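Dropping protein-v2.cif in here (mmCIF, C-alpha atoms):
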data_data
loop_
_atom_site.group_PDB
_atom_site.id
_atom_site.type_symbol
_atom_site.label_atom_id
_atom_site.label_comp_id
_atom_site.auth_asym_id
_atom_site.auth_seq_id
_atom_site.Cartn_x
_atom_site.Cartn_y
_atom_site.Cartn_z
ATOM 1 C CA MET A 145 58.052 -36.953 -32.258
ATOM 2 C CA THR A 146 55.215 -38.492 -34.155
ATOM 3 C CA LYS A 147 52.341 -36.324 -35.265
ATOM 4 C CA ASN A 148 49.565 -38.836 -34.881
ATOM 5 C CA ARG A 149 47.931 -37.131 -31.941
ATOM 6 C CA SER A 150 44.495 -36.733 -33.442
ATOM 7 C CA VAL A 151 41.818 -37.196 -30.850
ATOM 8 C CA SER A 152 38.833 -39.399 -31.545
ATOM 9 C CA ASP A 153 35.255 -38.605 -30.660
ATOM 10 C CA ASP A 154 35.535 -40.101 -27.211
ATOM 11 C CA GLY A 155 38.552 -37.971 -26.490
ATOM 12 C CA VAL A 156 40.972 -40.876 -26.350
ATOM 13 C CA ALA A 157 43.825 -41.451 -28.744
ATOM 14 C CA PRO A 158 46.307 -44.077 -27.635
ATOM 15 C CA ASN A 159 49.268 -44.013 -29.940
ATOM 16 C CA PRO A 160 51.464 -46.909 -30.989
ATOM 17 C CA VAL A 161 54.918 -47.632 -29.732
ATOM 18 C CA ASN A 162 57.556 -45.933 -31.844
ATOM 19 C CA ALA A 163 61.013 -47.154 -32.770
ATOM 20 C CA GLU A 164 62.628 -46.114 -29.474
ATOM 21 C CA GLY A 165 60.096 -48.045 -27.411
ATOM 22 C CA VAL A 166 58.394 -44.890 -26.223
ATOM 23 C CA VAL A 167 54.671 -45.329 -25.749
ATOM 24 C CA LYS A 168 52.644 -42.234 -26.464
ATOM 25 C CA GLY A 169 49.098 -41.347 -25.642
ATOM 26 C CA SER A 170 46.922 -38.291 -25.508
ATOM 27 C CA VAL A 171 43.546 -37.516 -24.075
ATOM 28 C CA GLN A 172 41.265 -34.547 -23.606
ATOM 29 C CA LEU A 173 40.903 -33.285 -20.063
ATOM 30 C CA VAL A 174 37.159 -33.218 -19.519
ATOM 31 C CA HIS A 175 37.282 -32.378 -15.818
ATOM 32 C CA ALA A 176 35.194 -29.321 -15.067
ATOM 33 C CA VAL A 177 37.888 -27.231 -13.429
ATOM 34 C CA GLY A 178 41.005 -28.632 -15.057
ATOM 35 C CA MET A 179 43.965 -30.230 -13.336
ATOM 36 C CA HIS A 180 43.284 -29.141 -9.784
ATOM 37 C CA ALA A 181 44.458 -30.869 -6.645
ATOM 38 C CA ARG A 182 42.329 -33.981 -6.442
ATOM 39 C CA PRO A 183 42.674 -35.060 -10.068
ATOM 40 C CA ALA A 184 46.411 -34.396 -9.843
ATOM 41 C CA VAL A 185 46.701 -36.627 -6.766
ATOM 42 C CA LYS A 186 44.865 -39.425 -8.564
ATOM 43 C CA LEU A 187 47.004 -39.071 -11.651
ATOM 44 C CA ALA A 188 50.319 -39.056 -9.763
ATOM 45 C CA LYS A 189 49.250 -41.973 -7.571
ATOM 46 C CA LEU A 190 48.264 -44.033 -10.577
ATOM 47 C CA ALA A 191 51.495 -43.172 -12.385
ATOM 48 C CA LYS A 192 53.522 -44.338 -9.389
ATOM 49 C CA ARG A 193 52.061 -47.823 -9.694
ATOM 50 C CA PHE A 194 54.112 -48.378 -12.815
ATOM 51 C CA GLN A 195 57.826 -48.984 -13.062
ATOM 52 C CA CYS A 196 58.323 -47.119 -16.346
ATOM 53 C CA GLN A 197 59.236 -43.482 -16.705
ATOM 54 C CA ILE A 198 56.221 -41.365 -17.596
ATOM 55 C CA ALA A 199 56.358 -37.834 -18.947
ATOM 56 C CA MET A 200 53.325 -35.663 -19.487
ATOM 57 C CA ARG A 201 52.553 -32.224 -20.802
ATOM 58 C CA VAL A 202 49.722 -30.078 -21.999
ATOM 59 C CA ALA A 203 49.643 -30.279 -25.797
ATOM 60 C CA GLY A 204 51.260 -27.204 -27.219
ATOM 61 C CA GLY A 205 53.000 -26.505 -23.948
ATOM 62 C CA VAL A 206 56.753 -26.391 -23.700
ATOM 63 C CA GLY A 207 57.729 -28.608 -20.837
ATOM 64 C CA TRP A 208 57.407 -32.310 -20.217
ATOM 65 C CA VAL A 209 57.081 -33.139 -16.531
ATOM 66 C CA ASP A 210 57.282 -36.317 -14.477
ATOM 67 C CA ALA A 211 53.756 -37.703 -14.177
ATOM 68 C CA LYS A 212 54.752 -39.345 -10.890
ATOM 69 C CA SER A 213 55.522 -35.982 -9.277
ATOM 70 C CA LEU A 214 52.385 -34.485 -7.768
ATOM 71 C CA THR A 215 53.996 -31.052 -7.586
ATOM 72 C CA SER A 216 54.838 -31.177 -11.278
ATOM 73 C CA VAL A 217 51.428 -32.469 -12.310
ATOM 74 C CA MET A 218 49.689 -29.686 -10.381
ATOM 75 C CA ALA A 219 52.076 -27.128 -11.817
ATOM 76 C CA THR A 220 50.905 -27.897 -15.352
ATOM 77 C CA ARG A 221 47.665 -26.096 -14.441
ATOM 78 C CA ALA A 222 46.080 -27.873 -17.371
ATOM 79 C CA ALA A 223 42.780 -26.246 -18.236
ATOM 80 C CA ARG A 224 39.505 -27.948 -19.021
ATOM 81 C CA ASP A 225 39.374 -29.273 -22.590
ATOM 82 C CA SER A 226 43.138 -29.151 -23.008
ATOM 83 C CA ILE A 227 44.858 -32.206 -24.460
ATOM 84 C CA ILE A 228 47.179 -34.076 -22.102
ATOM 85 C CA GLU A 229 50.029 -35.980 -23.744
ATOM 86 C CA PHE A 230 51.959 -38.845 -22.205
ATOM 87 C CA GLU A 231 55.201 -40.471 -23.198
ATOM 88 C CA ALA A 232 56.342 -43.522 -21.283
ATOM 89 C CA SER A 233 59.286 -45.840 -21.632
ATOM 90 C CA GLY A 234 59.903 -49.069 -19.806
ATOM 91 C CA ALA A 235 58.520 -52.563 -19.509
ATOM 92 C CA ASP A 236 55.025 -51.553 -18.450
ATOM 93 C CA ALA A 237 54.841 -48.328 -20.467
ATOM 94 C CA ALA A 238 51.902 -49.420 -22.619
ATOM 95 C CA ALA A 239 49.819 -50.360 -19.590
ATOM 96 C CA ALA A 240 50.761 -47.123 -17.842
ATOM 97 C CA VAL A 241 49.743 -44.883 -20.723
ATOM 98 C CA ALA A 242 46.516 -46.811 -21.220
ATOM 99 C CA ALA A 243 45.645 -46.505 -17.532
ATOM 100 C CA LEU A 244 46.419 -42.788 -17.359
ATOM 101 C CA VAL A 245 44.497 -42.009 -20.539
ATOM 102 C CA THR A 246 41.538 -43.959 -19.189
ATOM 103 C CA LEU A 247 41.696 -42.144 -15.845
ATOM 104 C CA ILE A 248 41.448 -38.769 -17.537
ATOM 105 C CA ALA A 249 38.917 -39.858 -20.173
ATOM 106 C CA GLN A 250 36.663 -41.202 -17.438
ATOM 107 C CA ASP A 251 37.018 -37.946 -15.504
ATOM 108 C CA PHE A 252 38.963 -39.310 -12.542
ATOM 109 C CA PRO A 253 36.504 -41.807 -11.077
ATOM 110 C CA ASP A 254 36.829 -42.530 -7.362
ATOM 111 C CA SER A 255 37.026 -46.303 -7.721
ATOM 112 C CA GLY A 256 40.319 -48.086 -7.754
ATOM 113 C CA GLY A 257 41.946 -46.001 -5.047
ATOM 114 C CA MET B 553 56.055 -54.177 -0.104
ATOM 115 C CA SER B 554 52.747 -52.977 1.185
ATOM 116 C CA GLU B 555 54.055 -50.842 4.043
ATOM 117 C CA THR B 556 54.075 -47.112 3.374
ATOM 118 C CA VAL B 557 55.732 -44.214 5.148
ATOM 119 C CA GLY B 558 53.434 -42.801 7.834
ATOM 120 C CA ILE B 559 52.436 -39.138 8.014
ATOM 121 C CA VAL B 560 52.126 -37.053 11.186
ATOM 122 C CA ILE B 561 50.596 -33.586 11.194
ATOM 123 C CA VAL B 562 51.496 -31.230 14.036
ATOM 124 C CA SER B 563 49.751 -27.871 14.264
ATOM 125 C CA HIS B 564 49.263 -25.360 17.048
ATOM 126 C CA SER B 565 45.548 -25.772 16.355
ATOM 127 C CA ARG B 566 43.818 -29.107 16.709
ATOM 128 C CA ASP B 567 41.284 -28.009 14.107
ATOM 129 C CA ILE B 568 44.002 -27.312 11.560
ATOM 130 C CA ALA B 569 45.727 -30.604 12.313
ATOM 131 C CA LYS B 570 42.500 -32.562 12.036
ATOM 132 C CA GLY B 571 41.397 -30.711 8.903
ATOM 133 C CA THR B 572 44.741 -31.359 7.257
ATOM 134 C CA ALA B 573 44.531 -35.047 8.128
ATOM 135 C CA ASP B 574 40.984 -35.152 6.718
ATOM 136 C CA MET B 575 42.196 -33.597 3.477
ATOM 137 C CA VAL B 576 44.955 -36.170 3.157
ATOM 138 C CA ARG B 577 42.598 -39.072 3.772
ATOM 139 C CA GLN B 578 40.000 -37.807 1.336
ATOM 140 C CA MET B 579 42.411 -36.804 -1.401
ATOM 141 C CA VAL B 580 45.019 -39.525 -1.164
ATOM 142 C CA GLY B 581 43.140 -42.390 0.450
ATOM 143 C CA ASN B 582 43.430 -44.666 3.415
ATOM 144 C CA GLU B 583 46.461 -46.711 2.458
ATOM 145 C CA VAL B 584 48.769 -44.247 4.195
ATOM 146 C CA LYS B 585 48.626 -44.011 7.976
ATOM 147 C CA VAL B 586 47.965 -40.438 9.026
ATOM 148 C CA ALA B 587 48.046 -39.219 12.614
ATOM 149 C CA PHE B 588 47.657 -35.694 13.879
ATOM 150 C CA CYS B 589 47.889 -33.631 17.024
ATOM 151 C CA GLY B 590 47.396 -30.000 17.862
ATOM 152 C CA GLY B 591 46.736 -27.742 20.780
ATOM 153 C CA ASN B 592 48.130 -27.867 24.291
ATOM 154 C CA ALA B 593 46.918 -29.913 27.262
ATOM 155 C CA ASP B 594 44.494 -27.132 28.259
ATOM 156 C CA GLY B 595 42.786 -27.125 24.906
ATOM 157 C CA GLY B 596 44.399 -23.899 23.779
ATOM 158 C CA LEU B 597 46.788 -23.228 20.941
ATOM 159 C CA GLY B 598 50.126 -24.918 21.193
ATOM 160 C CA THR B 599 51.987 -28.136 20.671
ATOM 161 C CA ASP B 600 52.738 -30.794 23.213
ATOM 162 C CA VAL B 601 55.737 -33.114 23.018
ATOM 163 C CA PRO B 602 54.074 -36.238 24.528
ATOM 164 C CA ARG B 603 51.154 -35.875 22.116
ATOM 165 C CA ILE B 604 53.542 -35.635 19.190
ATOM 166 C CA VAL B 605 55.283 -38.791 20.424
ATOM 167 C CA ASP B 606 51.890 -40.529 20.569
ATOM 168 C CA ALA B 607 51.034 -39.396 17.042
ATOM 169 C CA ILE B 608 54.349 -40.709 15.719
ATOM 170 C CA GLU B 609 53.685 -44.051 17.416
ATOM 171 C CA THR B 610 50.182 -44.132 15.887
ATOM 172 C CA ALA B 611 51.459 -43.495 12.368
ATOM 173 C CA TRP B 612 54.521 -45.688 12.827
ATOM 174 C CA SER B 613 55.694 -47.756 9.894
ATOM 175 C CA PRO B 614 58.889 -49.746 9.405
ATOM 176 C CA LYS B 615 59.526 -47.438 6.456
ATOM 177 C CA GLY B 616 59.477 -44.424 8.764
ATOM 178 C CA VAL B 617 57.361 -41.379 9.464
ATOM 179 C CA ALA B 618 57.313 -37.925 7.883
ATOM 180 C CA VAL B 619 56.190 -35.101 10.190
ATOM 181 C CA LEU B 620 54.566 -31.956 8.822
ATOM 182 C CA VAL B 621 54.465 -28.919 11.110
ATOM 183 C CA ASP B 622 53.176 -25.365 11.070
ATOM 184 C CA LEU B 623 54.958 -22.640 13.057
ATOM 185 C CA GLY B 624 58.246 -22.631 14.970
ATOM 186 C CA GLY B 625 57.204 -24.324 18.204
ATOM 187 C CA ALA B 626 55.644 -27.189 16.312
ATOM 188 C CA GLU B 627 58.978 -27.818 14.638
ATOM 189 C CA THR B 628 61.126 -27.628 17.781
ATOM 190 C CA ASN B 629 58.660 -29.733 19.780
ATOM 191 C CA SER B 630 58.518 -32.273 16.972
ATOM 192 C CA GLU B 631 62.296 -32.493 17.015
ATOM 193 C CA MET B 632 62.143 -32.994 20.789
ATOM 194 C CA ALA B 633 59.548 -35.710 20.283
ATOM 195 C CA VAL B 634 61.861 -37.484 17.852
ATOM 196 C CA GLU B 635 64.599 -37.366 20.492
ATOM 197 C CA MET B 636 62.283 -39.109 22.936
ATOM 198 C CA LEU B 637 61.635 -42.050 20.636
ATOM 199 C CA PRO B 638 63.456 -45.352 21.112
ATOM 200 C CA VAL B 639 66.894 -44.976 19.591
ATOM 201 C CA GLU B 640 66.220 -47.453 16.798
ATOM 202 C CA ARG B 641 63.295 -45.351 15.586
ATOM 203 C CA ARG B 642 64.874 -41.895 15.732
ATOM 204 C CA GLY B 643 66.652 -42.231 12.429
ATOM 205 C CA ARG B 644 63.441 -43.109 10.663
ATOM 206 C CA VAL B 645 61.478 -39.965 11.486
ATOM 207 C CA VAL B 646 61.956 -36.708 9.598
ATOM 208 C CA VAL B 647 60.463 -33.278 10.204
ATOM 209 C CA CYS B 648 59.780 -31.822 6.770
ATOM 210 C CA ASN B 649 60.526 -28.251 5.823
ATOM 211 C CA ALA B 650 57.285 -27.727 3.964
ATOM 212 C CA PRO B 651 53.926 -25.954 4.205
ATOM 213 C CA ILE B 652 51.727 -28.101 6.423
ATOM 214 C CA VAL B 653 48.691 -28.710 4.201
ATOM 215 C CA GLU B 654 50.378 -28.895 0.823
ATOM 216 C CA GLY B 655 53.338 -30.775 2.258
ATOM 217 C CA ALA B 656 51.075 -33.355 3.876
ATOM 218 C CA VAL B 657 49.216 -34.012 0.620
ATOM 219 C CA MET B 658 52.451 -34.212 -1.381
ATOM 220 C CA ALA B 659 54.138 -36.462 1.164
ATOM 221 C CA ALA B 660 51.131 -38.775 1.449
ATOM 222 C CA THR B 661 50.802 -39.073 -2.317
ATOM 223 C CA GLU B 662 54.465 -40.019 -2.565
ATOM 224 C CA ALA B 663 54.123 -42.423 0.363
ATOM 225 C CA ALA B 664 51.061 -44.089 -1.182
ATOM 226 C CA GLY B 665 53.244 -45.280 -4.034
ATOM 227 C CA GLY B 666 55.496 -47.106 -1.595
ATOM 228 C CA SER B 667 58.348 -44.623 -1.807
ATOM 229 C CA PRO B 668 61.063 -44.609 0.871
ATOM 230 C CA LEU B 669 61.243 -41.895 3.527
ATOM 231 C CA ASP B 670 63.829 -39.745 1.737
ATOM 232 C CA LYS B 671 61.654 -39.552 -1.373
ATOM 233 C CA VAL B 672 58.574 -38.737 0.701
ATOM 234 C CA GLN B 673 60.460 -35.921 2.433
ATOM 235 C CA ALA B 674 61.760 -34.646 -0.910
ATOM 236 C CA ALA B 675 58.238 -34.581 -2.363
ATOM 237 C CA ALA B 676 57.002 -32.454 0.536
ATOM 238 C CA GLU B 677 60.006 -30.142 0.439
ATOM 239 C CA GLU B 678 59.844 -29.686 -3.321
ATOM 240 C CA LEU B 679 57.289 -26.962 -2.647
ATOM 241 C CA ALA B 680 59.536 -24.990 -0.348
ATOM 242 C CA ALA B 681 62.423 -25.294 -2.793
ATOM 243 C CA GLY B 682 60.315 -24.225 -5.765
#

For this file, write the structure as structure tokens.
Amino acid sequence: MTKNRSVSDDGVAPNPVNAEGVVKGSVQLVHAVGMHARPAVKLAKLAKRFQCQIAMRVAGGVGWVDAKSLTSVMATRAARDSIIEFEASGADAAAAVAALVTLIAQDFPDSGG
Amino acid sequence: MSETVGIVIVSHSRDIAKGTADMVRQMVGNEVKVAFCGGNADGGLGTDVPRIVDAIETAWSPKGVAVLVDLGGAETNSEMAVEMLPVERRGRVVVCNAPIVEGAVMAATEAAGGSPLDKVQAAAEELAAG
């Protein structure tokens, strides 16, 4: 685990690929009521567009969950202002982490399905 | 492959069925076909096998259809409806053991990603198992 998870002023901190090819990223959840149903649907749907494996957790939390599993994403019950961490591995991992971080940083915009 | 598993919602109440379908469309989007039916032929509470058959036909996809139901009769009538389908379609329709609203949203989200029927069913039933 790298420790470079500092969050910049805009709440986005994409992290570089480490030696194992795992792409990491973290972002502050700015959504007013946290990870409730609609944001979770958008996150899981977006994650499913990528081939790579994507794990996520609330920073400081214990468990990594599959970002493609809506049930798991909802179960994180991530609160407003918490930091969401992603770790992805696979061919399109960098694109996946970038897209997911952007989704959260932009507060789950409706565009893009 | 752009086809996605279709979703059918079967409730004793037309209002519940329609409201659940509305939730799925608004939360998940329009890329998944969602059909619903509820109430009996007289407009009262109940489920009606021919209407369930129609809903399955409406939501039909080559990848199959996942059916979400509420109480007992909805499940048995849905299973009867599956039996009435053309034989080549029967194996591609599943009645999920899941809460109707949550299961429909979970199943549709999984379906939207292009997942096969068994994964869509598993996503809906994950709730019941958990």

Report the centre and edge lengths, in Å to one decimal, of an axis-aligned box enclosing every atom of range 219-226 of chain A listed in the file, padded by 6 Å on each side, as AutoDock Vina command-line options.
--center_x 45.7 --center_y -27.7 --center_z -17.4 --size_x 24.7 --size_y 15.2 --size_z 23.2

(request) Could you please tell me, as a ChimeraX atom specification, which residues of chain A have an atom within 7 Å of chain B when using all atoms listed in the file? (result) /A:182,185,189,192-193,214,257

(request) Do a neighbour search on His564 in chain B at 9 Å with only C-alpha atoms, toss out local chain neighbours closer than 6 positions, and write the hits as a list in words. (result)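 Skipping anything fewer than 6 positions along the chain leaves Cys589, Gly590, Gly591, Asn592, Gly596, Leu597, Gly598, Thr599, Asp600, Val621, Asp622, Leu623, Gly625 and Ala626 of chain B.
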
(message) I'd like to see the residues matched by the PyMOL selection byres ((chain B and resi 612) around 12) on this file, and ideally I'd get them as a PyMOL selection string.
(response) chain B and resi 555-560+584-587+604-611+613-619+637+641-642+644-645

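Look at Gln197 in chain A: the protein and nucleic acid residues within 7 Å of it, using only C-alpha atoms and passing over chain neighbours fewer than 5 places away, are Ala232, Ser233 and Gly234 of chain A.
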
Take the residues just selected and output them with C-alpha atoms as a JSON list (two decimals), keeping the file's coordinate frame.
[["chain", "number", "residue", "atom", "x", "y", "z"],
["A", 232, "ALA", "CA", 56.34, -43.52, -21.28],
["A", 233, "SER", "CA", 59.29, -45.84, -21.63],
["A", 234, "GLY", "CA", 59.90, -49.07, -19.81]]

Near Ala203 in chain A, within 9 Å and counting only C-alpha atoms, which residues show up once chain neighbours fewer than 3 positions away are dropped, as a PDB file with C-alpha atoms, in the coordinates of the input?
ATOM      1  CA  SER A 170      46.922 -38.291 -25.508  1.00  0.00           C
ATOM      2  CA  VAL A 206      56.753 -26.391 -23.700  1.00  0.00           C
ATOM      3  CA  SER A 226      43.138 -29.151 -23.008  1.00  0.00           C
ATOM      4  CA  ILE A 227      44.858 -32.206 -24.460  1.00  0.00           C
ATOM      5  CA  ILE A 228      47.179 -34.076 -22.102  1.00  0.00           C
ATOM      6  CA  GLU A 229      50.029 -35.980 -23.744  1.00  0.00           C
TER       7      GLU A 229
END

Do a neighbour search on Val245 in chain A at 7 Å with only C-alpha atoms, toss out local chain neighbours closer than 4 positions, and write the hits as a JSON list (two decimals) with C-alpha atoms, in the coordinates of the input.
[["chain", "number", "residue", "atom", "x", "y", "z"],
["A", 156, "VAL", "CA", 40.97, -40.88, -26.35],
["A", 169, "GLY", "CA", 49.10, -41.35, -25.64],
["A", 170, "SER", "CA", 46.92, -38.29, -25.51],
["A", 171, "VAL", "CA", 43.55, -37.52, -24.08],
["A", 241, "VAL", "CA", 49.74, -44.88, -20.72],
["A", 249, "ALA", "CA", 38.92, -39.86, -20.17]]

(message) If I take CA of Trp208 in chain A and CA of Ala222 in chain A, how far is one from the other in Å, to one decimal?
(response)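 If I compute the distance from CA of Trp208 in chain A to CA of Ala222 in chain A, I get 12.5 Å.
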
(message) Which residues, named as in the file, does the PyMOL selection byres ((chain A and resi 199) around 6) pick out? Answer as number ranges by chain.
(response) A: 198, 200, 208-211, 230-231

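For the pair CA of Arg577 in chain B and CA of Gln673 in chain B, the separation is 18.2 Å.
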
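Using the PyMOL selection byres ((chain A and resi 178) around 9) on the file at hand returns these residues: Leu173, Val174, His175, Ala176, Val177, Met179, His180, Pro183, Arg221, Ala222, Ala223, Arg224, Asp225 and Ser226 of chain A.
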